[in-house]
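Visitor: Okay, handing you the structure first.
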Amino acid sequence: MIILAYMVDALAALLGMLLQIYMWIIIARAVISWVNPDPYNPIVRFLYSATEPVLYRVRRLLPLYVGGVDFSPIAVFAAIYVLQVVLVRYLYHLAQTLQ
């Protein structure tokens, strides 16, 4: 059982790290959107291709574009925070109970 506990603990750590990295990618996209970036820049293309599928779905479900400002990254931040609090903490707790 202890091996399973370590695997669940590693999964929780990996998931928490991936969610944190994705949050920073969304922050970078929001900062880039304030200026007029070169659409052919590889970094800009990566940021848009990594975030647009999620932001598009959020924009389609919740029209959060008010006064020329897109608030969909804030909704994605809230969803990531909920995942970090609920899912990652639950996995850590599960790993502790398996030991």
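Ordering of the structure tokens sets the chain letters (A, B, ...); residue numbers start at 1 within each chain; ligands are numbered from 1 in the order shown.
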Run DSSP on the backbone of this structure and report the residues of stretch 7-95 of chain A it assigns to strand (DSSP E or B), as a list in words.
Guide: Tyr65, Val66, Val69 and Asp70 of chain A
Visitor: For the residues in the current selection, export N, CA and C atoms as a short mmCIF file (atom, residue, chain, number, x, y, z; two decimals), in the first residue's frame.
Guide:
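Saved to part_5.cif:
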data_model
loop_
_atom_site.label_atom_id
_atom_site.label_comp_id
_atom_site.auth_asym_id
_atom_site.auth_seq_id
_atom_site.Cartn_x
_atom_site.Cartn_y
_atom_site.Cartn_z
N TYR A 65 -16.87 39.18 -22.11
CA TYR A 65 -16.18 40.25 -22.84
C TYR A 65 -16.99 41.52 -22.65
N VAL A 66 -16.53 42.38 -21.73
CA VAL A 66 -17.28 43.58 -21.36
C VAL A 66 -16.41 44.81 -21.60
N VAL A 69 -12.79 44.44 -22.77
CA VAL A 69 -11.89 43.68 -21.91
C VAL A 69 -12.42 42.25 -21.80
N ASP A 70 -11.53 41.29 -22.01
CA ASP A 70 -11.89 39.88 -21.95
C ASP A 70 -11.60 39.36 -20.54
#
Visitor: Identify, with DSSP run on backbone atoms, the residues in chain A assigned to helix (DSSP H, G or I), and express the list as a ChimeraX atom specification.
Guide: /A:2-33,42-61,72-98
Visitor: Do you know which residues are at most 12 Å from A:Gln96 counting only C-alpha atoms, after dropping those on the same chain fewer than 2 positions away, and could you put them as a ChimeraX atom specification?
Guide: /A:1-10,12,89-94,98-99
Visitor: Write out, as an mmCIF file, in the first residue's frame, the residues just selected, with N, CA and C atoms.
Guide:
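In the end it all went to out.cif:
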data_model
loop_
_atom_site.group_PDB
_atom_site.id
_atom_site.type_symbol
_atom_site.label_atom_id
_atom_site.label_comp_id
_atom_site.auth_asym_id
_atom_site.auth_seq_id
_atom_site.Cartn_x
_atom_site.Cartn_y
_atom_site.Cartn_z
ATOM 1 N N MET A 1 0.809 -1.197 0.000
ATOM 2 C CA MET A 1 0.000 0.000 0.000
ATOM 3 C C MET A 1 0.851 1.258 0.000
ATOM 4 N N ILE A 2 2.057 1.161 0.547
ATOM 5 C CA ILE A 2 2.885 2.358 0.628
ATOM 6 C C ILE A 2 3.344 2.808 -0.755
ATOM 7 N N ILE A 3 3.518 1.861 -1.671
ATOM 8 C CA ILE A 3 3.908 2.229 -3.036
ATOM 9 C C ILE A 3 2.770 2.989 -3.708
ATOM 10 N N LEU A 4 1.552 2.545 -3.488
ATOM 11 C CA LEU A 4 0.393 3.247 -4.040
ATOM 12 C C LEU A 4 0.278 4.651 -3.450
ATOM 13 N N ALA A 5 0.587 4.786 -2.172
ATOM 14 C CA ALA A 5 0.548 6.105 -1.535
ATOM 15 C C ALA A 5 1.571 7.039 -2.170
ATOM 16 N N TYR A 6 2.764 6.528 -2.439
ATOM 17 C CA TYR A 6 3.784 7.356 -3.091
ATOM 18 C C TYR A 6 3.382 7.725 -4.514
ATOM 19 N N MET A 7 2.727 6.813 -5.197
ATOM 20 C CA MET A 7 2.286 7.106 -6.562
ATOM 21 C C MET A 7 1.196 8.180 -6.567
ATOM 22 N N VAL A 8 0.267 8.101 -5.635
ATOM 23 C CA VAL A 8 -0.790 9.111 -5.538
ATOM 24 C C VAL A 8 -0.194 10.455 -5.132
ATOM 25 N N ASP A 9 0.785 10.430 -4.228
ATOM 26 C CA ASP A 9 1.456 11.661 -3.824
ATOM 27 C C ASP A 9 2.191 12.294 -5.005
ATOM 28 N N ALA A 10 2.864 11.482 -5.796
ATOM 29 C CA ALA A 10 3.563 11.997 -6.979
ATOM 30 C C ALA A 10 2.573 12.540 -8.003
ATOM 31 N N ALA A 12 -0.352 13.845 -7.341
ATOM 32 C CA ALA A 12 -0.849 15.119 -6.816
ATOM 33 C C ALA A 12 0.172 16.230 -7.033
ATOM 34 N N ARG A 89 -5.497 18.756 -3.260
ATOM 35 C CA ARG A 89 -5.502 18.509 -1.810
ATOM 36 C C ARG A 89 -6.142 17.170 -1.469
ATOM 37 N N TYR A 90 -7.171 16.785 -2.224
ATOM 38 C CA TYR A 90 -7.782 15.479 -1.988
ATOM 39 C C TYR A 90 -6.788 14.362 -2.288
ATOM 40 N N LEU A 91 -6.035 14.502 -3.367
ATOM 41 C CA LEU A 91 -5.043 13.477 -3.697
ATOM 42 C C LEU A 91 -3.955 13.398 -2.633
ATOM 43 N N TYR A 92 -3.513 14.544 -2.113
ATOM 44 C CA TYR A 92 -2.537 14.526 -1.018
ATOM 45 C C TYR A 92 -3.122 13.847 0.221
ATOM 46 N N HIS A 93 -4.363 14.158 0.528
ATOM 47 C CA HIS A 93 -5.017 13.529 1.680
ATOM 48 C C HIS A 93 -5.163 12.026 1.465
ATOM 49 N N LEU A 94 -5.523 11.637 0.255
ATOM 50 C CA LEU A 94 -5.640 10.213 -0.060
ATOM 51 C C LEU A 94 -4.302 9.511 0.094
ATOM 52 N N LEU A 98 -3.402 6.394 2.742
ATOM 53 C CA LEU A 98 -2.950 5.099 2.236
ATOM 54 C C LEU A 98 -1.685 4.611 2.930
ATOM 55 N N GLN A 99 -0.986 5.504 3.612
ATOM 56 C CA GLN A 99 0.264 5.087 4.271
ATOM 57 C C GLN A 99 0.015 4.358 5.550
#
Visitor: Applying 12 Å and only C-alpha atoms, which residues near A:Arg57 remain after dropping the ones on its own chain fewer than 6 positions away? List them as a ChimeraX atom specification.
Guide: /A:51,63-64,72-73,75-76
Visitor: For stretch 43-47 of chain A, find every residue with an atom within 10 Å (counting only C-alpha atoms), except residues of its own chain fewer than 4 positions away, and show them as a VMD selection string.
Guide: chain A and resid 25 to 30 32 to 33 37 to 39 51 to 52
Visitor: Limited to C-alpha atoms, could you put the picked residues into a file as a JSON list (two decimals), in the first residue's frame?
Guide:
[["chain", "number", "residue", "atom", "x", "y", "z"],
["A", 25, "ILE", "CA", 0.99, 30.58, -19.35],
["A", 26, "ILE", "CA", -2.41, 32.28, -19.11],
["A", 27, "ILE", "CA", -0.83, 35.23, -17.29],
["A", 28, "ALA", "CA", 1.76, 35.54, -20.05],
["A", 29, "ARG", "CA", -0.99, 35.44, -22.67],
["A", 30, "ALA", "CA", -2.93, 38.18, -20.87],
["A", 32, "ILE", "CA", 0.99, 39.77, -24.34],
["A", 33, "SER", "CA", -2.57, 40.68, -25.33],
["A", 37, "PRO", "CA", 2.42, 41.17, -30.60],
["A", 38, "ASP", "CA", 3.86, 39.74, -33.77],
["A", 39, "PRO", "CA", 1.52, 36.81, -34.58],
["A", 51, "THR", "CA", -4.53, 28.78, -24.12],
["A", 52, "GLU", "CA", -7.02, 29.44, -26.91]]
Visitor: Please compute the atom CA of A:Leu14-atom CA of A:Arg59 distance, one decimal, in Å.
Guide: 27.7 Å
Visitor: In Å, rounded to a single decimal, give me how far atom CA of A:Ala13 is from atom CA of A:Ala95.
Guide: 11.0 Å
